[in-house]
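Undergrad: One structure, as structure tokens, below. Some questions next.
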Amino acid sequence: MNLVADSGGLGTLITIHKWLVARAGQVRLHAPLPVVRQLLRLLHFDKIFEITP
Amino acid sequence: MRREFRTSLRLESACEFPAVRAATLTVREWLAEKNLPEADLGGWELALVEAVNNAVKYADDKARQLPVTIDVSCGECDVEVRITDHTAGFDWPDEVDLPDMDSESGRGLFLIKSLTDHVSYLRHPGENVMVLRRARPAAASEILPNVSHLQNRLAEAETALTDMTAELASSYESLVALFRYSSELGAHTDLKDFSQRLLKDLMQIAEADCAVLRLVSRDGKKLETLLLLPGEEKNLLPPVALTDAFASVEVGAAHNRQDIWFGPEEPLGKTDPLREVMPVGLGICHAFHVANQLVGTATLGRRLADRPFTAAQVNLLHTFVDFLAIQIVNARLLDERTAARVTRRELQIAADIQRSLLPAKIPACLPFEISAVCQSALQVGGDFYDLIPASEGALLLVIADVMGKGVPAALFAAVLRSTIRSMPQLFDQPGELLAAANRTLFPDLSRVDMFVTAQIAYLDPHRQKIISASAGHCPLLVWQPGTTDATALGESGFPLGIEPLTRYTQTETVLPANAAALLYTDGLSETRNAAGEMLSEKNLLRFLAQTAAQTGEAQAGKNFLLERLADYSGHAPLADDQTLILIRHRL
């Protein structure tokens, strides 16, 4: 499966993150594809999301 | 300059989000075919999604009717994508920064910029173009199969170019050499020296280790060694007969008029003389001709068999050797011409000597009248005559024919003349005179295997008689008044130079009033008619009788006789000298 994340999808992720933080929750990203992991790092998302290997 | 090979893809996408997704996947697959690594494919996919999304995002209703065009160009070093849309477009920000961490949008341009090496956005009324470029990380040769193919071809072309350069260089060398040799053409250079220099140059340019040059012998029956390089051990290579084509590659090449190669697969025959002097890995033998005539053979050899002569080197062998053949033939012609010139000069000298021996004027010997002539044929012979005044008004007549032609014959004629003139005490005894002359001349004549025939006659005006003796010469012919035929008189002894001590019988004949006598050389009696028949002594006797009957003065008689001879021969050019002395008793 070709899973790709674009800026729109990442924006959605931020929306979800904010919604969850407001409800004492959090977003945890499990085993993203290397491309996505690279992208998350590029956008500094690794500082706000917990990314597990 | 290096040309870059690029491949390109153009596709049009409807201006809506689902179509964008399909278009980017198509581009991704196309780039995958170009061997872009996975990381790059993902990067390009995302950058394209962001860029095309932008185009869709800013499209109004009218712009959505028009497609978004994606042009992808893939080169050896980079990939470039142009996205053309027909939207109102947007202002490219001065700084493309990340928005605040919790901002839900505004990351698209940042991503595009981050994923590419170069981004430009060209905004025009009704059309905007975003240009994205990113370097390719992989080795260029792995990216495009046809590029590697082209590189192979380039390498081949470079190899060919190197070969051509080498060949050109060798052609240049050979041209320079040939020009140098051309300047020697016509000059009388030493053939062997010339050939040696030419062969050495050929060996160097054709990268040969040894060479043999053979020329056809003068009799045309064998090949003789002119040169053996390196070294000069000519004795090691005896001549080879041209009869057996299988005896040696040289004879084979000469017979077949074809180059013969020898090497590991086609070794030299066991009896081939080249085996001894050319312990080589491989070689080629070329026979050379001028005007369809075999001139000789040239053989080049290499110590190692791993590298045969190239076509260019074989051409070189042909060119050099053909050039040499011309020089050889030229040299031979020059020699022949020189020899012919020497012969002509020698004949001229001989003719001069012969003329100088003849008496300038005819001495008087009344009541006898004398007329004499020495007509030279084309080739100067050894005929001469002499008329020497003797005591008491007598006259010594000498006619002789020295065997042989040219200067030696003329010299002996001169010696004979002096010898006879040095013995006036013997003039009235021609037999004794011949014997004495023979004794004097014998050592010189026998040493060179030459001889002289001579007839000597002592003409005594007081007693009106003639005393003659012959040394192997034509007899004295006499016509007596009142007879119809002339007669040949006297016996003949050996020619001068045959026997050291020999005697000559002398004959005494009365020459009454109106009588005629003839001393002559065999050029007269051997005059041939058109049928090839010789005149013979018998017919000459008849001619003499006719002459005596029809003429009076000796001069007129001589002319009459010469005319009869010319008539007999059909006025053909003289085949031999014609010398005669005609004596007429005039009252």
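A note on labels: chains of the structure tokens are A, B, ... as shown, every chain counts residues from 1, and ligands are counted from 1 in their shown order.
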Can you check which residues of chain B have any atom within 12 Å of chain A? Use only C-alpha atoms and format it as a PyMOL selection string.
TA: chain B and resi 17+21+24-25+28-29+38-54+57+97-115
Undergrad: Mind checking which residues fall within 7 Å of Thr521 of chain B, counting only C-alpha atoms, ignoring those fewer than 2 positions away in the same chain, and posting them as a PyMOL selection string?
TA: chain B and resi 401+474+523-524+578-580
Undergrad: Can you list, as a tab-separated table (two decimals) with N, CA and C atoms, in the first residue's frame, every residue of segment 288-317 of chain B that DSSP puts in strand (DSSP E)?
TA:
```
chain	number	residue	atom	x	y	z
B	288	PHE	N	56.89	-8.37	-55.28
B	288	PHE	CA	56.58	-7.10	-55.97
B	288	PHE	C	56.98	-7.16	-57.44
B	289	HIS	N	56.16	-6.52	-58.23
B	289	HIS	CA	56.31	-6.55	-59.68
B	289	HIS	C	56.35	-5.13	-60.23
B	290	VAL	N	57.02	-4.98	-61.35
B	290	VAL	CA	56.93	-3.73	-62.10
B	290	VAL	C	56.67	-4.13	-63.55
B	293	GLN	N	56.44	-7.71	-64.35
B	293	GLN	CA	57.66	-8.51	-64.20
B	293	GLN	C	58.02	-8.60	-62.73
B	294	LEU	N	58.27	-9.82	-62.28
B	294	LEU	CA	58.68	-10.00	-60.89
B	294	LEU	C	60.02	-9.30	-60.66
B	295	VAL	N	60.06	-8.48	-59.62
B	295	VAL	CA	61.30	-7.78	-59.28
B	295	VAL	C	61.95	-8.41	-58.06
B	296	GLY	N	61.11	-8.79	-57.09
B	296	GLY	CA	61.67	-9.42	-55.90
B	296	GLY	C	60.61	-9.69	-54.86
B	297	THR	N	61.07	-10.05	-53.65
B	297	THR	CA	60.14	-10.30	-52.54
B	297	THR	C	60.65	-9.60	-51.30
B	298	ALA	N	59.70	-9.18	-50.47
B	298	ALA	CA	60.05	-8.58	-49.18
B	298	ALA	C	59.27	-9.33	-48.11
B	299	THR	N	59.97	-9.68	-47.04
B	299	THR	CA	59.33	-10.42	-45.96
B	299	THR	C	59.56	-9.68	-44.65
B	300	LEU	N	58.47	-9.47	-43.90
B	300	LEU	CA	58.57	-8.85	-42.58
B	300	LEU	C	58.20	-9.89	-41.53
B	301	GLY	N	58.92	-9.86	-40.40
B	301	GLY	CA	58.61	-10.82	-39.35
B	301	GLY	C	58.53	-10.15	-37.98
B	302	ARG	N	57.74	-10.79	-37.10
B	302	ARG	CA	57.66	-10.34	-35.71
B	302	ARG	C	58.05	-11.49	-34.81
```
Undergrad: What is the atom CA of Ile420 of chain B-atom CA of Glu346 of chain B distance in Å, reported with one decimal?
TA: 25.7 Å
Undergrad: Using only C-alpha atoms, pick whichever of B:Ala471, B:Ala55, B:Val79, B:Leu397 has the shortest atom-to-atom distance to Pro359 of chain B.
TA: B:Leu397
Undergrad: So, counting only C-alpha atoms, which residue among B:Asp386, B:Glu80, B:Asp444, B:Glu392 is closest to Leu519 of chain B?
TA: B:Asp386
Undergrad: Which residues in segment 266-384 of chain B does DSSP call alpha helix (DSSP H)? List them as number ranges by chain.
TA: B: 274-277, 311-357
Undergrad: For atom CA of Gln555 of chain B and atom CA of Trp479 of chain B, determine how far apart the two atoms are, in Å to one decimal place.
TA: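 Here the two named atoms are 16.5 Å from each other.
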Undergrad: Show which residues sit within 8 Å of Ala31 of chain A, as a VMD selection string. Count only C-alpha atoms, and ignore same-chain residues fewer than 3 positions away.
TA: chain A and resid 51 to 53
Undergrad: Quick one: everything within 6 Å of segment 492-498 of chain B, counting only C-alpha atoms, minus sequence neighbours fewer than 5 positions away in the same chain. Send it as a list in words.
TA: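 The neighbour list is Asn438, Phe442, Leu445, Ser446, Phe451, Val452, Thr453, Ser470, Ala471, Gly472 and Tyr504 of chain B.
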Undergrad: Between atom CA of Phe384 of chain B and atom CA of Val478 of chain B, measure the distance and give it in Å to one decimal.
TA: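 For atom CA of Phe384 of chain B relative to atom CA of Val478 of chain B, the distance reads 20.7 Å.
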Undergrad: Let me make sure I understand: among B:Ala32, B:Cys210, B:Leu565, B:Met450, which one has the smallest atom-to-atom distance to Gly382 of chain B if we use only C-alpha atoms?
TA: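 Looking only at the distances to Gly382 of chain B, the closest residue turns out to be B:Met450.
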Undergrad: Residues near Leu540 of chain B, anyone? I mean within 12 Å using only C-alpha atoms, not counting same-chain ones fewer than 2 positions away, as a PyMOL selection string.
TA: chain B and resi 474-479+485-488+517-527+534-538+542-547+561-562+564-565+568+580
Undergrad: Any chance you could export the current selection's C-alpha atoms as a PDB file, in the first residue's frame?
TA:
```
ATOM      1  CA  CYS B 474      90.705 -13.590 -99.090  1.00  0.00           C
ATOM      2  CA  PRO B 475      92.821 -14.293-102.183  1.00  0.00           C
ATOM      3  CA  LEU B 476      94.079 -11.720-104.612  1.00  0.00           C
ATOM      4  CA  LEU B 477      91.768 -11.610-107.640  1.00  0.00           C
ATOM      5  CA  VAL B 478      93.303 -10.869-111.002  1.00  0.00           C
ATOM      6  CA  TRP B 479      91.754 -10.251-114.387  1.00  0.00           C
ATOM      7  CA  ASP B 485      87.001 -14.683-116.192  1.00  0.00           C
ATOM      8  CA  ALA B 486      89.123 -13.347-113.401  1.00  0.00           C
ATOM      9  CA  THR B 487      91.099 -15.760-111.213  1.00  0.00           C
ATOM     10  CA  ALA B 488      91.904 -16.070-107.531  1.00  0.00           C
ATOM     11  CA  ALA B 517      93.646  -6.850-109.637  1.00  0.00           C
ATOM     12  CA  LEU B 518      91.511  -6.721-106.519  1.00  0.00           C
ATOM     13  CA  LEU B 519      92.380  -6.998-102.821  1.00  0.00           C
ATOM     14  CA  TYR B 520      89.262  -7.186-100.650  1.00  0.00           C
ATOM     15  CA  THR B 521      87.847  -8.286 -97.328  1.00  0.00           C
ATOM     16  CA  ASP B 522      85.162 -10.883 -96.803  1.00  0.00           C
ATOM     17  CA  GLY B 523      82.570  -8.137 -96.417  1.00  0.00           C
ATOM     18  CA  LEU B 524      82.484  -8.123-100.232  1.00  0.00           C
ATOM     19  CA  SER B 525      82.260 -11.821-100.948  1.00  0.00           C
ATOM     20  CA  GLU B 526      79.819 -12.298 -98.092  1.00  0.00           C
ATOM     21  CA  THR B 527      77.408  -9.629 -99.305  1.00  0.00           C
ATOM     22  CA  MET B 534      76.052 -14.844-100.168  1.00  0.00           C
ATOM     23  CA  LEU B 535      77.680 -13.336-103.216  1.00  0.00           C
ATOM     24  CA  SER B 536      80.623 -15.832-103.116  1.00  0.00           C
ATOM     25  CA  GLU B 537      84.081 -15.538-104.551  1.00  0.00           C
ATOM     26  CA  LYS B 538      82.891 -16.882-107.875  1.00  0.00           C
ATOM     27  CA  ARG B 542      82.576 -12.243-112.426  1.00  0.00           C
ATOM     28  CA  PHE B 543      81.966  -8.730-111.129  1.00  0.00           C
ATOM     29  CA  LEU B 544      85.684  -7.994-111.436  1.00  0.00           C
ATOM     30  CA  ALA B 545      85.701  -9.179-115.072  1.00  0.00           C
ATOM     31  CA  GLN B 546      82.688  -6.970-115.802  1.00  0.00           C
ATOM     32  CA  THR B 547      84.357  -4.053-114.085  1.00  0.00           C
ATOM     33  CA  LEU B 561      82.110  -2.572-108.472  1.00  0.00           C
ATOM     34  CA  LEU B 562      80.439  -0.943-105.453  1.00  0.00           C
ATOM     35  CA  ARG B 564      77.163  -3.983-108.547  1.00  0.00           C
ATOM     36  CA  LEU B 565      77.520  -4.998-104.888  1.00  0.00           C
ATOM     37  CA  TYR B 568      73.136  -7.459-105.375  1.00  0.00           C
ATOM     38  CA  LEU B 580      88.771  -3.079-101.273  1.00  0.00           C
TER      39      LEU B 580
END
```
Undergrad: For each of B:Ala531, B:Ile388, B:Leu223, B:Ile284, take the minimum atom-to-atom distance to Tyr458 of chain B, counting only C-alpha atoms, then give the residue where this is smallest.
TA: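 Selected residue with least distance to Tyr458 of chain B: B:Ile388.
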